[in-house]
Amino acid sequence: MLGAYFDFIRIRFLTMLAYRVNYYSGILIYTLNIGVNYFTWRAIYGEGESLGGFTGAQMTTYVAVSWMARAFYFNNLDREISTDIRDGSIAIQFIRPYNYVLVKMMQGLGEGLFRFMMLMIPGMVIAILLFPVQLPTDLSAWAGFLVMLFFSFLISSQINIITGLSAFFVENNEGMMRMKRVVVDLFSGLIVPISLFPGWLSSVLEVLPFQAITYLPGSVFTGRVQGVGIWNVLGIQIIWFAVLLIPIVWLYHAARQRLFVQGG
Amino acid sequence: MKTRLTYRADFWVEVVSDLLFQATNFIFILVIFMHTESLGGWSQNEVVFVYGFFMVPFGVFSCFVNMWGFSERYIVKGEMDRILTRPAHNLFQIFLENVDPPALVGSVIGLVIMAISGSNLGLPFEWWTIPMIIVLTLSAVAIYTGIYTTLTSLSFYSDAPTGILPLMYNIQTYGRYPVTIYNRAIQVLLTWIIPFAFVGIYPAALFLHREEMQGMALLTPVIGALFLGIGLLSWNYGVKRYKGAGS
């Protein structure tokens, strides 16, 4: 049974391989994103030494790592699920002897692994060559970052799944999906690190799940958070992973119920 | 158009999500200027003004030219064949089928932002202000249309879904910031290769009386015509090849 799920990872990975061109252009465009953000922040810093607890060098690293992490955790599970729902093919998926949500998660992981190898690693190499990125020398920072990156993927995919499943209850969730994309990019700290937001907003963001996607792992990687703090970050990620399971399970059951009502 | 207005709730959801998208960029500007006085020599009001201008052509473009999901809808599902049997130009038909009125709300808000930040800056209202806004807006729309038509026409050649389009949406927002803060390579890219600087900073510089960019601002219609031409050529060429495929 477990083997079947691993096959979903493998198949998605191979499917992604077929769309290689998208990823060559992806590397270029992600590098450009890092470049533009790097120069923007350099202009903002001017002569200033530190902003929101980030030195100039840390900010460069933060920008590079955040965009590259996005290359890994980003996927379109929300769109895939709502397409399945709208064209009705979800009915067949529900009958099959596996868990639909888990399958989507596995497919997302297959895509993530592809992006990790084909997009994130080469992109990171290019970013290091072009911009003054400071990599941590501490092995624990690297290990911690990889684990956190995996949780970034889990939490981001969970949010995608919730958005996707909402298509069962909202006639057209196109707007929701767009809103989600924007909210995740902004509130996860990809565009602006959360510590630079005005005080009231950053305290609101600290109780939302989005910071666990980009800001917290990025803070560990740039060395702003060290020692015990790393465990706190990991703890926050695990808690959000667990909390977000609740609406998914609930939506999944409600969706199956609704499917019967519609006679699917 | 009528079908879009049938779902009244959708209309508002879309307006709100559009505005939220714009708001994130706006928040970015506000946060930046909480920590600095100027961005490459441009004050907060100036950057906000550029941002307001940027919203106007973008709203018009999103309303009348909507290429999202072209390859899924028209090529994979075969709607392109239906389009090609009709006499009107095929690209024109596709634009008309996908008109998206909620996007225009963004343009209106852009004009309001321009008015507010313009009066904060004490910008003079010249006789050419309104005609120039119209000319530069149309030029910028032509640039957008050219770039996105070119990219979309790639789907005639390759069966890969064009995943480049969403990424482009990210990049176009960079044309709003003073391009002079970037290094040469990025400046050249945003000016001549994917000329998004011409949909934001350059034309807006005209109204801000920024001497160093006046020339660029006046070049906007030329770039618009050029890129629209490239877009139409590559589109027509793609359509010809599509017929050749005989599906």
# chains A, B, ... in the order shown; residues from 1 in each chain; ligands from 1
call {"tool": "interface_residues", "arguments": {"of": "chain A", "to": "chain B", "cutoff": "6 Å", "atoms": "only C-alpha atoms", "output": "PyMOL selection string"}}
result
chain A and resi 19+22+39+43-44+175+179+182
call {"tool": "select_by_dssp", "arguments": {"residues": "region 73-108 of chain B", "states": "helix (DSSP H, G or I)", "output": "ChimeraX atom specification"}}
result
/B:73-76,79-84,90-97,101-108
call {"tool": "write_last_selection", "arguments": {"atoms": "N, CA, C and O atoms", "output": "tab-separated table (two decimals), in the first residue's frame"}}
result
chain	number	residue	atom	x	y	z
B	73	ARG	N	-7.47	25.99	-22.42
B	73	ARG	CA	-8.82	26.16	-22.92
B	73	ARG	C	-8.89	26.04	-24.44
B	73	ARG	O	-9.76	25.37	-24.99
B	74	TYR	N	-7.97	26.70	-25.12
B	74	TYR	CA	-8.12	26.80	-26.57
B	74	TYR	C	-7.37	25.72	-27.32
B	74	TYR	O	-7.81	25.29	-28.38
B	75	ILE	N	-6.24	25.29	-26.79
B	75	ILE	CA	-5.48	24.30	-27.54
B	75	ILE	C	-5.81	22.89	-27.07
B	75	ILE	O	-6.18	22.03	-27.86
B	76	VAL	N	-5.72	22.66	-25.74
B	76	VAL	CA	-5.97	21.30	-25.25
B	76	VAL	C	-7.43	20.91	-25.50
B	76	VAL	O	-7.73	19.82	-25.95
B	79	GLU	N	-10.80	24.56	-28.53
B	79	GLU	CA	-11.67	25.69	-28.86
B	79	GLU	C	-11.06	26.54	-29.97
B	79	GLU	O	-11.77	27.33	-30.61
B	80	MET	N	-9.78	26.39	-30.18
B	80	MET	CA	-9.10	27.19	-31.19
B	80	MET	C	-9.71	26.92	-32.57
B	80	MET	O	-9.82	27.84	-33.39
B	81	ASP	N	-10.12	25.69	-32.80
B	81	ASP	CA	-10.70	25.35	-34.11
B	81	ASP	C	-11.97	26.14	-34.37
B	81	ASP	O	-12.21	26.62	-35.47
B	82	ARG	N	-12.78	26.25	-33.31
B	82	ARG	CA	-14.01	27.03	-33.44
B	82	ARG	C	-13.69	28.48	-33.80
B	82	ARG	O	-14.31	29.07	-34.67
B	83	ILE	N	-12.67	29.03	-33.10
B	83	ILE	CA	-12.28	30.42	-33.35
B	83	ILE	C	-11.85	30.60	-34.81
B	83	ILE	O	-12.20	31.57	-35.46
B	84	LEU	N	-11.10	29.64	-35.31
B	84	LEU	CA	-10.49	29.82	-36.63
B	84	LEU	C	-11.52	29.74	-37.76
B	84	LEU	O	-11.25	30.19	-38.87
B	90	ASN	N	-8.57	36.06	-35.20
B	90	ASN	CA	-8.70	35.11	-34.09
B	90	ASN	C	-8.25	35.67	-32.74
B	90	ASN	O	-8.88	35.42	-31.73
B	91	LEU	N	-7.17	36.46	-32.74
B	91	LEU	CA	-6.69	36.99	-31.47
B	91	LEU	C	-7.72	37.95	-30.88
B	91	LEU	O	-7.99	37.93	-29.67
B	92	PHE	N	-8.34	38.74	-31.76
B	92	PHE	CA	-9.35	39.69	-31.35
B	92	PHE	C	-10.54	38.97	-30.70
B	92	PHE	O	-11.05	39.39	-29.66
B	93	GLN	N	-10.93	37.86	-31.32
B	93	GLN	CA	-12.04	37.07	-30.76
B	93	GLN	C	-11.70	36.56	-29.36
B	93	GLN	O	-12.53	36.57	-28.46
B	94	ILE	N	-10.46	36.09	-29.22
B	94	ILE	CA	-10.07	35.54	-27.92
B	94	ILE	C	-10.09	36.64	-26.85
B	94	ILE	O	-10.56	36.44	-25.74
B	95	PHE	N	-9.60	37.82	-27.22
B	95	PHE	CA	-9.64	38.93	-26.27
B	95	PHE	C	-11.09	39.22	-25.86
B	95	PHE	O	-11.39	39.37	-24.69
B	96	LEU	N	-11.99	39.27	-26.86
B	96	LEU	CA	-13.38	39.62	-26.57
B	96	LEU	C	-14.05	38.57	-25.69
B	96	LEU	O	-14.86	38.90	-24.83
B	97	GLU	N	-13.69	37.31	-25.91
B	97	GLU	CA	-14.32	36.24	-25.12
B	97	GLU	C	-13.91	36.28	-23.66
B	97	GLU	O	-14.55	35.67	-22.82
B	101	PRO	N	-14.25	42.84	-16.70
B	101	PRO	CA	-14.49	44.20	-16.21
B	101	PRO	C	-14.01	44.50	-14.78
B	101	PRO	O	-13.58	45.63	-14.54
B	102	PRO	N	-14.04	43.55	-13.84
B	102	PRO	CA	-13.62	43.93	-12.48
B	102	PRO	C	-12.22	44.54	-12.44
B	102	PRO	O	-11.91	45.35	-11.56
B	103	ALA	N	-11.37	44.17	-13.40
B	103	ALA	CA	-9.99	44.65	-13.38
B	103	ALA	C	-9.91	46.17	-13.48
B	103	ALA	O	-8.95	46.77	-13.01
B	104	LEU	N	-10.95	46.78	-14.09
B	104	LEU	CA	-10.89	48.23	-14.28
B	104	LEU	C	-10.94	48.99	-12.96
B	104	LEU	O	-10.50	50.14	-12.89
B	105	VAL	N	-11.47	48.35	-11.91
B	105	VAL	CA	-11.48	49.01	-10.61
B	105	VAL	C	-10.06	49.41	-10.22
B	105	VAL	O	-9.84	50.49	-9.67
B	106	GLY	N	-9.10	48.54	-10.55
B	106	GLY	CA	-7.70	48.84	-10.24
B	106	GLY	C	-7.23	50.12	-10.91
B	106	GLY	O	-6.52	50.92	-10.31
B	107	SER	N	-7.66	50.33	-12.17
B	107	SER	CA	-7.26	51.54	-12.89
B	107	SER	C	-7.79	52.78	-12.18
B	107	SER	O	-7.07	53.78	-12.03
B	108	VAL	N	-9.06	52.71	-11.75
B	108	VAL	CA	-9.65	53.86	-11.07
B	108	VAL	C	-8.87	54.18	-9.80
B	108	VAL	O	-8.51	55.34	-9.54
call {"tool": "residues_around", "arguments": {"residues": "Thr150 (chain B)", "least_positions_apart": "4", "cutoff": "7 Å", "atoms": "only C-alpha atoms", "output": "PyMOL selection string"}}
result
chain B and resi 146+154+231+234-235
call {"tool": "write_last_selection", "arguments": {"atoms": "all heavy atoms", "output": "CSV table (one decimal), in the first residue's frame"}}
result
chain,number,residue,atom,x,y,z
B,146,GLY,N,1.9,43.0,-26.2
B,146,GLY,CA,2.9,42.4,-27.0
B,146,GLY,C,3.6,41.3,-26.2
B,146,GLY,O,3.8,40.2,-26.8
B,154,LEU,N,3.8,30.9,-27.7
B,154,LEU,CA,4.8,29.8,-27.6
B,154,LEU,C,4.0,28.5,-27.4
B,154,LEU,O,4.5,27.4,-27.8
B,154,LEU,CB,5.6,30.0,-26.3
B,154,LEU,CG,6.7,31.1,-26.4
B,154,LEU,CD1,7.5,31.1,-25.1
B,154,LEU,CD2,7.7,30.8,-27.5
B,231,GLY,N,4.5,40.9,-30.9
B,231,GLY,CA,3.5,39.9,-30.4
B,231,GLY,C,2.6,39.5,-31.5
B,231,GLY,O,2.4,38.3,-31.6
B,234,SER,N,4.5,37.1,-34.0
B,234,SER,CA,4.7,35.7,-33.5
B,234,SER,C,3.4,35.0,-33.3
B,234,SER,O,3.3,33.7,-33.5
B,234,SER,CB,5.5,35.7,-32.2
B,234,SER,OG,4.8,36.2,-31.1
B,235,TRP,N,2.3,35.7,-33.0
B,235,TRP,CA,1.0,35.1,-32.9
B,235,TRP,C,0.6,34.5,-34.2
B,235,TRP,O,0.2,33.3,-34.3
B,235,TRP,CB,0.0,36.1,-32.3
B,235,TRP,CG,-1.3,35.5,-32.2
B,235,TRP,CD1,-2.3,35.5,-33.1
B,235,TRP,CD2,-1.8,34.7,-31.1
B,235,TRP,NE1,-3.4,34.8,-32.7
B,235,TRP,CE2,-3.1,34.3,-31.4
B,235,TRP,CE3,-1.3,34.4,-29.8
B,235,TRP,CZ2,-3.9,33.6,-30.6
B,235,TRP,CZ3,-2.1,33.6,-29.0
B,235,TRP,CH2,-3.4,33.3,-29.3
call {"tool": "atom_distance", "arguments": {"atom1": "CA of Ser153 (chain B)", "atom2": "CA of Glu174 (chain A)"}}
result
24.1 Å
call {"tool": "select_by_dssp", "arguments": {"residues": "region 10-188 of chain A", "states": "strand (DSSP E)", "output": "ChimeraX atom specification"}}
result
/A:50-51,54-55
call {"tool": "closest_residue", "arguments": {"among": "B:Phe156, B:Leu123, B:Gly229, B:Leu136", "to": "Arg241 (chain B)", "atoms": "only C-alpha atoms"}}
result
B:Phe156
call {"tool": "atom_distance", "arguments": {"atom1": "CA of Glu46 (chain B)", "atom2": "CA of Thr55 (chain A)"}}
result
26.8 Å
call {"tool": "residues_around", "arguments": {"residues": "Val125 (chain A)", "least_positions_apart": "6", "cutoff": "12 Å", "atoms": "only C-alpha atoms", "output": "list in words"}}
result
Ile27, Thr31, Ala64, Val65, Met68, Met117, Met118, Leu119, Phe131, Pro132, Val133 and Leu135 of chain A
call {"tool": "residues_around", "arguments": {"residues": "Phe145 (chain A)", "least_positions_apart": "2", "cutoff": "12 Å", "atoms": "only C-alpha atoms", "output": "count of residues only"}}
result
34
call {"tool": "closest_residue", "arguments": {"among": "B:Leu151, B:Asn45, B:Asn120, B:Glu211", "to": "Leu233 (chain B)", "atoms": "only C-alpha atoms"}}
result
B:Leu151
call {"tool": "residues_around", "arguments": {"residues": "Ile11 (chain A)", "least_positions_apart": "4", "cutoff": "10 Å", "atoms": "only C-alpha atoms", "output": "number ranges by chain"}}
result
A: 6-7, 15-17, 106-107, 110-111
call {"tool": "residues_around", "arguments": {"residues": "region 240-247 of chain A", "least_positions_apart": "2", "cutoff": "9 Å", "atoms": "only C-alpha atoms", "output": "PyMOL selection string"}}
result
chain A and resi 151+154-155+158-159+162+208-209+212+235-238+249-252
